[in-house]
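Taking it in order: structure first as structure tokens, then the write-up.
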Amino acid sequence: MSLRVAVQTLGCKVNQYESSYFLEVLTNQGYREVPFSTPAEVYLVHGCGVTSKASHEACRLLRRAARTNPSALVVAAGCNAVLEGRRIAREGLATHILGNDDKYDLLRRLDEPASRDHPVVSVGDPRSIGSFRAVPVRCPPGGRARALLKAQDGCDAFCSYCIVPYTRGKSRSLPLEDVFAQAAVFVEEGFREVVLTGVHLGQWGRDLSPPRRFSQLLRRMDETVRPKRVRLSSLEVLEIRGEVLGEIRARSWICPHFHVPLQSGHPEILRRMNRKYTPREYGEILRELRSLFPRASLGADVMVGFPGETPRAFEETYELVRKLPLTYLHVFPYSPRPGTPASKLPGRVVGGELRDRARALRELGAHKKLAFMEEALGTWVEVMAETEIASGWYGGTSENYLHVNFPSSAPIPPGTLVRVKLTNLTPRGLVGRADSGKGPAP
Ligand code: SF4
């Protein structure tokens, strides 16, 4: 009987991509993937450390794995293992604790004798991670319709609140040829959409020899085997202008969906965050994006309660967001991460005030999302089917990041691209009618 492995991934798209690699390595060795809630011989918790909540969740999952099968091997891997490795070992939560470079030796490590009392601990210094670990994968986990392609790892920006440069090390890029090779594998596997992702994607290429620019990656992708559509996971605002913007405009296969972190709309807070733009610059670039891509989805991360964020500073953030052509928000209450410069700053916002600010922005984000969906009614979009949500009903995502449900009498496998006319907005979201073959091109 084959050994069973259960994987739970927390955090960013980069983590998800890397989990695909671990699953592929393990299944190639005869392991069988099972749900995390069921008995398995190996559990892998690929954790995140961006917030204290994420760290807490990773530890909870480690405990749960040990309860489900007390004799299983339990692996804590990734950023949370780097940050909380000592505590995980002390509390006997895992048999293996593997940092962000060390986790690629997973198979070999599993063969070493280990117990929760005497775990294998391998957490190297992230600052010394030298090269990008090229990990070509064939199939994302969980039968996903779209594939994630990790082109970049690490970050050199050192935003004052962010732990990532300390857990993943400096920025490293996957060489051009390897990006193309991975894209070709996904195309061969039948994926129509690939999400180009990285910890700080806009820094792609700077560490290569000779150095490359992100715009070159987009240009050269045109000449290679590439999927029908490519989504860019996230770009910093100063990195989505000039040449990069020119390349995006020239490539119709790049989805009109741009996630551009804002974090704060107050210049002094941005400065304390060590972010390199002003609210004015952010606003100008966002408006330019809107005028160039009238139907694009434009999203932002916004952090509330950063140390020193006065009610006035929060109001300025709120007002900026309200006026900008954003279509959705990810709102994060500030969570101090030990070891970051911001964790030592005075003036934290806590308790009810923090919750109120987060709620106000989330409500604003919900309004903007609703308005974007209303505006889209009557238009044609290209939906990538993801799941059958009920008998004869399918759900998927459009090129401009609208979640759409539509009926079809014929079965629609996940990953199929379907032209859909958006006809209704219901409490469960947008509903559309699939093109019978005669509708106008979206
Ligand atoms: S750009 Fe800033 S927030 Fe993003 S990973 Fe780098 S340090 Fe963290």
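Chain identifiers are assigned as A, B, and so on, following the order in which chains appear in the structure tokens; residues are numbered from 1 within each chain, and ligands are numbered from 1 in order of appearance.
Near ligand 1, at a distance of at most 6 Å and with only C-alpha atoms and all ligand atoms counted, sit the residues A:Cys155, A:Ala157, A:Phe158, A:Cys159, A:Cys162, A:Val164, A:Pro165, A:Val199, A:His200.
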Can you write just those residues out, C-alpha atoms, as a compact mmCIF listing (two decimals), in the first residue's frame?
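Saved as out.txt:
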# COMPACT_ATOMS: atom_id res chain seq x y z
CA CYS A 155 13.09 40.59 -1.52
CA ALA A 157 13.02 46.15 -0.30
CA PHE A 158 12.98 45.81 3.51
CA CYS A 159 9.66 47.49 4.13
CA CYS A 162 7.76 43.01 6.67
CA VAL A 164 9.86 38.34 4.36
CA PRO A 165 13.42 39.59 3.59
CA VAL A 199 7.74 37.45 -3.68
CA HIS A 200 8.63 40.75 -5.36
Q | Close residues, Ala58 in chain A itself excluded, 9 Å, only C-alpha atoms, min 4 positions apart in chain, as a list in words | A |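 The residues satisfying every condition are Gln8, Thr9, Leu10, Val45, His46, Gly47, Cys48, Gly49, Lys53, Ala54, Leu62, Arg63, Ala76 and Asn80 of chain A.
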Q. Residues at most 6 Å from range 338-349 of chain A, counting only C-alpha atoms, excluding those fewer than 3 positions away in the same chain, as a VMD selection string?
A. chain A and resid 160 to 161 305 307 to 308 354
Selected residues written out, N, CA and C atoms, as a short mmCIF file (atom, residue, chain, number, x, y, z; two decimals), in the first residue's frame:
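For reference, result-v4.cif as written:
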data_model
loop_
_atom_site.label_atom_id
_atom_site.label_comp_id
_atom_site.auth_asym_id
_atom_site.auth_seq_id
_atom_site.Cartn_x
_atom_site.Cartn_y
_atom_site.Cartn_z
N SER A 160 9.50 48.31 6.42
CA SER A 160 9.86 48.22 7.84
C SER A 160 8.99 47.26 8.63
N TYR A 161 7.81 46.92 8.10
CA TYR A 161 6.90 46.03 8.83
C TYR A 161 7.06 44.57 8.41
N GLY A 305 -3.58 50.74 10.98
CA GLY A 305 -3.05 50.68 12.35
C GLY A 305 -1.54 50.60 12.42
N PRO A 307 2.13 51.76 13.25
CA PRO A 307 2.51 52.69 14.32
C PRO A 307 2.56 54.14 13.83
N GLY A 308 1.86 55.00 14.55
CA GLY A 308 1.84 56.42 14.20
C GLY A 308 0.69 56.79 13.28
N LEU A 354 -8.51 49.69 16.01
CA LEU A 354 -7.91 48.96 14.89
C LEU A 354 -8.99 48.21 14.10
#
Q | Option closest in space to Cys255 in chain A, from A:Val42, A:Val230, A:Ala360, A:Val185 [counting only C-alpha atoms] | A |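 Answer, going by the shortest atom-to-atom distance: A:Val230.
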Q.
So that I can see what lies close to Val404 in chain A, please list as a VMD selection string the residues with an atom at most 9 Å from it, counting only C-alpha atoms and leaving out residues fewer than 2 positions away in the same chain.
A. chain A and resid 383 385 394 to 398 402 406 420 422 429 to 432
Keeping only N, CA and C atoms, write the selected residues to a file as an mmCIF file, in the first residue's frame.
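Full text of part-v1.cif as output:
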data_model
loop_
_atom_site.group_PDB
_atom_site.id
_atom_site.type_symbol
_atom_site.label_atom_id
_atom_site.label_comp_id
_atom_site.auth_asym_id
_atom_site.auth_seq_id
_atom_site.Cartn_x
_atom_site.Cartn_y
_atom_site.Cartn_z
ATOM 1 N N VAL A 383 -14.292 33.499 -19.529
ATOM 2 C CA VAL A 383 -14.220 32.888 -18.197
ATOM 3 C C VAL A 383 -13.452 31.578 -18.268
ATOM 4 N N ALA A 385 -13.300 28.208 -16.646
ATOM 5 C CA ALA A 385 -14.107 27.390 -15.737
ATOM 6 C C ALA A 385 -13.202 26.752 -14.690
ATOM 7 N N TYR A 394 -21.587 26.145 -13.601
ATOM 8 C CA TYR A 394 -20.125 26.214 -13.474
ATOM 9 C C TYR A 394 -19.704 27.585 -12.956
ATOM 10 N N GLY A 395 -18.571 27.598 -12.267
ATOM 11 C CA GLY A 395 -18.026 28.853 -11.762
ATOM 12 C C GLY A 395 -16.613 29.029 -12.273
ATOM 13 N N GLY A 396 -16.247 30.264 -12.524
ATOM 14 C CA GLY A 396 -14.887 30.507 -13.002
ATOM 15 C C GLY A 396 -14.519 31.970 -12.881
ATOM 16 N N THR A 397 -13.374 32.315 -13.426
ATOM 17 C CA THR A 397 -12.839 33.680 -13.302
ATOM 18 C C THR A 397 -12.552 34.258 -14.680
ATOM 19 N N SER A 398 -12.971 35.503 -14.865
ATOM 20 C CA SER A 398 -12.747 36.157 -16.159
ATOM 21 C C SER A 398 -11.324 36.713 -16.220
ATOM 22 N N LEU A 402 -13.256 38.758 -12.592
ATOM 23 C CA LEU A 402 -14.618 38.701 -12.090
ATOM 24 C C LEU A 402 -14.968 37.233 -11.891
ATOM 25 N N PHE A 406 -22.239 30.340 -14.479
ATOM 26 C CA PHE A 406 -23.040 30.229 -15.708
ATOM 27 C C PHE A 406 -23.502 28.782 -15.887
ATOM 28 N N VAL A 420 -18.607 34.355 -22.101
ATOM 29 C CA VAL A 420 -19.831 34.476 -21.309
ATOM 30 C C VAL A 420 -20.309 35.922 -21.356
ATOM 31 N N LEU A 422 -22.369 38.667 -19.369
ATOM 32 C CA LEU A 422 -22.801 38.871 -17.986
ATOM 33 C C LEU A 422 -24.210 39.446 -17.991
ATOM 34 N N GLY A 429 -23.356 36.551 -6.581
ATOM 35 C CA GLY A 429 -22.353 37.056 -7.520
ATOM 36 C C GLY A 429 -22.880 37.185 -8.933
ATOM 37 N N LEU A 430 -21.963 37.356 -9.871
ATOM 38 C CA LEU A 430 -22.341 37.575 -11.273
ATOM 39 C C LEU A 430 -22.778 36.276 -11.937
ATOM 40 N N VAL A 431 -23.818 36.404 -12.752
ATOM 41 C CA VAL A 431 -24.306 35.254 -13.500
ATOM 42 C C VAL A 431 -24.256 35.621 -14.977
ATOM 43 N N GLY A 432 -23.907 34.644 -15.801
ATOM 44 C CA GLY A 432 -23.809 34.939 -17.227
ATOM 45 C C GLY A 432 -24.371 33.827 -18.079
#
Q: Give the alpha helix (DSSP H) residues of range 326-356 of chain A, as assigned by DSSP on the backbone, as a ChimeraX atom specification.
A: /A:351-356
Q) Which polymer residues have any atom within 7 Å of an atom of range 233-250 of chain A, counting only C-alpha atoms, with same-chain residues fewer than 5 positions away left out, as a ChimeraX atom specification? A) /A:195-197,201-202,214-215,218-219,258-261,282
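Atom pair CA of Arg295 in chain A / CA of Phe332 in chain A has a distance of 26.1 Å (rounded to one decimal).
Per DSSP on the backbone, strand (DSSP E) in range 104-300 of chain A comprises Val120, Val121, Ser122, Ala147, Leu148, Leu149, Lys150, Ala151, Gln152, Asp153, Arg172, Ser173, Glu193, Val194, Val195, Leu196, Thr197, Gly198, Arg229, Val230, Arg231, Leu232, His257, Phe258, His259, Ser297, Leu298, Gly299 and Ala300 of chain A.
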Could you write out that same residue set with N, CA and C atoms as a JSON list (two decimals), in the first residue's frame?
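See result.json below for the written result:
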[["chain", "number", "residue", "atom", "x", "y", "z"],
["A", 120, "VAL", "N", 14.33, 16.57, 13.35],
["A", 120, "VAL", "CA", 15.36, 17.03, 12.40],
["A", 120, "VAL", "C", 15.15, 18.53, 12.24],
["A", 121, "VAL", "N", 16.15, 19.32, 12.56],
["A", 121, "VAL", "CA", 16.01, 20.77, 12.43],
["A", 121, "VAL", "C", 17.06, 21.26, 11.43],
["A", 122, "SER", "N", 16.59, 21.85, 10.35],
["A", 122, "SER", "CA", 17.51, 22.37, 9.35],
["A", 122, "SER", "C", 16.96, 23.71, 8.85],
["A", 147, "ALA", "N", -2.33, 27.48, -13.33],
["A", 147, "ALA", "CA", -1.04, 27.09, -12.77],
["A", 147, "ALA", "C", -0.29, 28.32, -12.29],
["A", 148, "LEU", "N", 0.46, 28.16, -11.21],
["A", 148, "LEU", "CA", 1.29, 29.25, -10.71],
["A", 148, "LEU", "C", 2.72, 29.02, -11.16],
["A", 149, "LEU", "N", 3.36, 30.06, -11.65],
["A", 149, "LEU", "CA", 4.75, 29.94, -12.08],
["A", 149, "LEU", "C", 5.61, 30.91, -11.26],
["A", 150, "LYS", "N", 6.44, 30.33, -10.40],
["A", 150, "LYS", "CA", 7.28, 31.18, -9.55],
["A", 150, "LYS", "C", 8.53, 31.59, -10.33],
["A", 151, "ALA", "N", 8.64, 32.89, -10.64],
["A", 151, "ALA", "CA", 9.78, 33.37, -11.43],
["A", 151, "ALA", "C", 10.81, 34.08, -10.55],
["A", 152, "GLN", "N", 10.44, 34.36, -9.30],
["A", 152, "GLN", "CA", 11.34, 35.19, -8.46],
["A", 152, "GLN", "C", 11.10, 34.81, -7.01],
["A", 153, "ASP", "N", 12.14, 34.93, -6.20],
["A", 153, "ASP", "CA", 12.03, 34.63, -4.76],
["A", 153, "ASP", "C", 12.77, 35.72, -3.98],
["A", 172, "ARG", "N", 16.12, 36.76, -5.73],
["A", 172, "ARG", "CA", 16.74, 35.87, -6.73],
["A", 172, "ARG", "C", 15.74, 35.59, -7.85],
["A", 173, "SER", "N", 16.27, 35.50, -9.07],
["A", 173, "SER", "CA", 15.38, 35.34, -10.22],
["A", 173, "SER", "C", 15.61, 34.00, -10.91],
["A", 193, "GLU", "N", -4.21, 29.12, -18.40],
["A", 193, "GLU", "CA", -3.82, 30.34, -17.68],
["A", 193, "GLU", "C", -2.68, 30.04, -16.71],
["A", 194, "VAL", "N", -1.69, 30.89, -16.73],
["A", 194, "VAL", "CA", -0.57, 30.79, -15.80],
["A", 194, "VAL", "C", -0.47, 32.11, -15.05],
["A", 195, "VAL", "N", -0.30, 32.02, -13.74],
["A", 195, "VAL", "CA", -0.09, 33.23, -12.93],
["A", 195, "VAL", "C", 1.41, 33.36, -12.69],
["A", 196, "LEU", "N", 1.96, 34.42, -13.25],
["A", 196, "LEU", "CA", 3.40, 34.69, -13.06],
["A", 196, "LEU", "C", 3.56, 35.30, -11.68],
["A", 197, "THR", "N", 4.33, 34.62, -10.84],
["A", 197, "THR", "CA", 4.34, 35.05, -9.46],
["A", 197, "THR", "C", 5.75, 35.13, -8.89],
["A", 198, "GLY", "N", 5.88, 35.84, -7.80],
["A", 198, "GLY", "CA", 7.16, 35.98, -7.11],
["A", 198, "GLY", "C", 6.91, 36.70, -5.80],
["A", 229, "ARG", "N", -3.38, 32.71, -21.66],
["A", 229, "ARG", "CA", -3.36, 33.98, -20.92],
["A", 229, "ARG", "C", -2.46, 33.89, -19.69],
["A", 230, "VAL", "N", -1.86, 35.03, -19.38],
["A", 230, "VAL", "CA", -0.92, 35.12, -18.26],
["A", 230, "VAL", "C", -1.42, 36.22, -17.34],
["A", 231, "ARG", "N", -1.46, 35.90, -16.05],
["A", 231, "ARG", "CA", -1.88, 36.89, -15.05],
["A", 231, "ARG", "C", -0.64, 37.27, -14.25],
["A", 232, "LEU", "N", -0.48, 38.55, -13.96],
["A", 232, "LEU", "CA", 0.65, 38.99, -13.14],
["A", 232, "LEU", "C", 0.17, 39.06, -11.69],
["A", 257, "HIS", "N", -5.69, 42.69, -15.19],
["A", 257, "HIS", "CA", -5.90, 42.56, -13.74],
["A", 257, "HIS", "C", -4.59, 42.91, -13.07],
["A", 258, "PHE", "N", -4.60, 44.00, -12.31],
["A", 258, "PHE", "CA", -3.35, 44.48, -11.71],
["A", 258, "PHE", "C", -3.54, 44.65, -10.21],
["A", 259, "HIS", "N", -2.69, 43.96, -9.49],
["A", 259, "HIS", "CA", -2.73, 44.07, -8.03],
["A", 259, "HIS", "C", -1.54, 44.93, -7.62],
["A", 297, "SER", "N", -9.44, 44.92, -13.70],
["A", 297, "SER", "CA", -9.59, 44.84, -12.26],
["A", 297, "SER", "C", -8.33, 45.44, -11.62],
["A", 298, "LEU", "N", -8.53, 46.36, -10.70],
["A", 298, "LEU", "CA", -7.40, 47.02, -10.04],
["A", 298, "LEU", "C", -7.52, 46.81, -8.53],
["A", 299, "GLY", "N", -6.58, 46.07, -7.96],
["A", 299, "GLY", "CA", -6.67, 45.74, -6.54],
["A", 299, "GLY", "C", -5.51, 46.32, -5.75],
["A", 300, "ALA", "N", -5.72, 46.43, -4.44],
["A", 300, "ALA", "CA", -4.65, 46.97, -3.58],
["A", 300, "ALA", "C", -4.67, 46.30, -2.22]]
Q | 9 Å contact set for Thr379 in chain A, only C-alpha atoms, chain neighbours under 3 positions out, as a PyMOL selection string | A | chain A and resi 375-376+420-423+442
Q: Excluding Val321 in chain A and any residue of its chain fewer than 5 positions from it, enumerate the residues within 12 Å of it, using only C-alpha atoms, and give them as JSON, numbers by chain.
A: {"A": [261, 262, 263, 264, 265, 266, 279, 280, 282, 283, 286, 287, 298, 299, 300, 301, 302, 303, 314, 315, 316, 326, 327, 328, 329, 330, 331, 360, 361, 362, 363, 364, 365, 367, 368]}
Can I get the selection written as a short mmCIF file (atom, residue, chain, number, x, y, z; two decimals), in the first residue's frame, with C-alpha atoms?
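Now in selection14.cif:
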data_model
loop_
_atom_site.label_atom_id
_atom_site.label_comp_id
_atom_site.auth_asym_id
_atom_site.auth_seq_id
_atom_site.Cartn_x
_atom_site.Cartn_y
_atom_site.Cartn_z
CA PRO A 261 -0.11 47.30 -3.05
CA LEU A 262 -0.87 50.71 -1.55
CA GLN A 263 -0.47 50.05 2.21
CA SER A 264 -1.16 53.64 3.25
CA GLY A 265 -2.45 56.86 1.73
CA HIS A 266 -0.45 59.06 4.08
CA PRO A 279 0.22 58.78 -2.28
CA ARG A 280 0.22 61.24 -5.17
CA TYR A 282 0.32 56.00 -6.47
CA GLY A 283 -2.83 57.87 -7.48
CA LEU A 286 -3.53 53.98 -10.79
CA ARG A 287 -5.46 56.53 -12.86
CA LEU A 298 -7.40 47.02 -10.04
CA GLY A 299 -6.67 45.74 -6.54
CA ALA A 300 -4.65 46.97 -3.58
CA ASP A 301 -3.36 45.81 -0.22
CA VAL A 302 -3.98 48.36 2.50
CA MET A 303 -2.57 48.14 6.01
CA PHE A 314 -6.28 56.94 8.41
CA GLU A 315 -8.85 59.35 7.00
CA GLU A 316 -6.41 60.37 4.28
CA LEU A 326 -9.78 50.46 -7.38
CA THR A 327 -12.09 47.48 -7.75
CA TYR A 328 -11.16 45.43 -4.69
CA LEU A 329 -9.11 45.73 -1.50
CA HIS A 330 -7.19 43.38 0.74
CA VAL A 331 -7.18 45.01 4.16
CA ALA A 360 -14.46 50.75 7.44
CA LEU A 361 -11.96 49.99 4.69
CA ARG A 362 -13.34 46.52 4.08
CA GLU A 363 -16.82 48.00 3.65
CA LEU A 364 -15.41 50.52 1.19
CA GLY A 365 -13.69 47.66 -0.67
CA HIS A 367 -18.76 48.77 -2.31
CA LYS A 368 -16.09 49.18 -4.94
#
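For the set A:Lys228, A:Arg220, A:Arg32, A:Val25, the residue with the smallest atom-to-atom gap to Met1 in chain A is A:Arg32, counting only C-alpha atoms.
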Q: Record the distance separating CA of Leu176 in chain A and CA of Ser128 in chain A, expressed in Å with one decimal.
A: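 Atom-to-atom, CA of Leu176 in chain A and CA of Ser128 in chain A are spaced 23.0 Å apart.
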Q.
Would you compute the distance between CA of Val34 in chain A and CA of Ser2 in chain A? Give it in Å to one decimal.
A. 11.3 Å
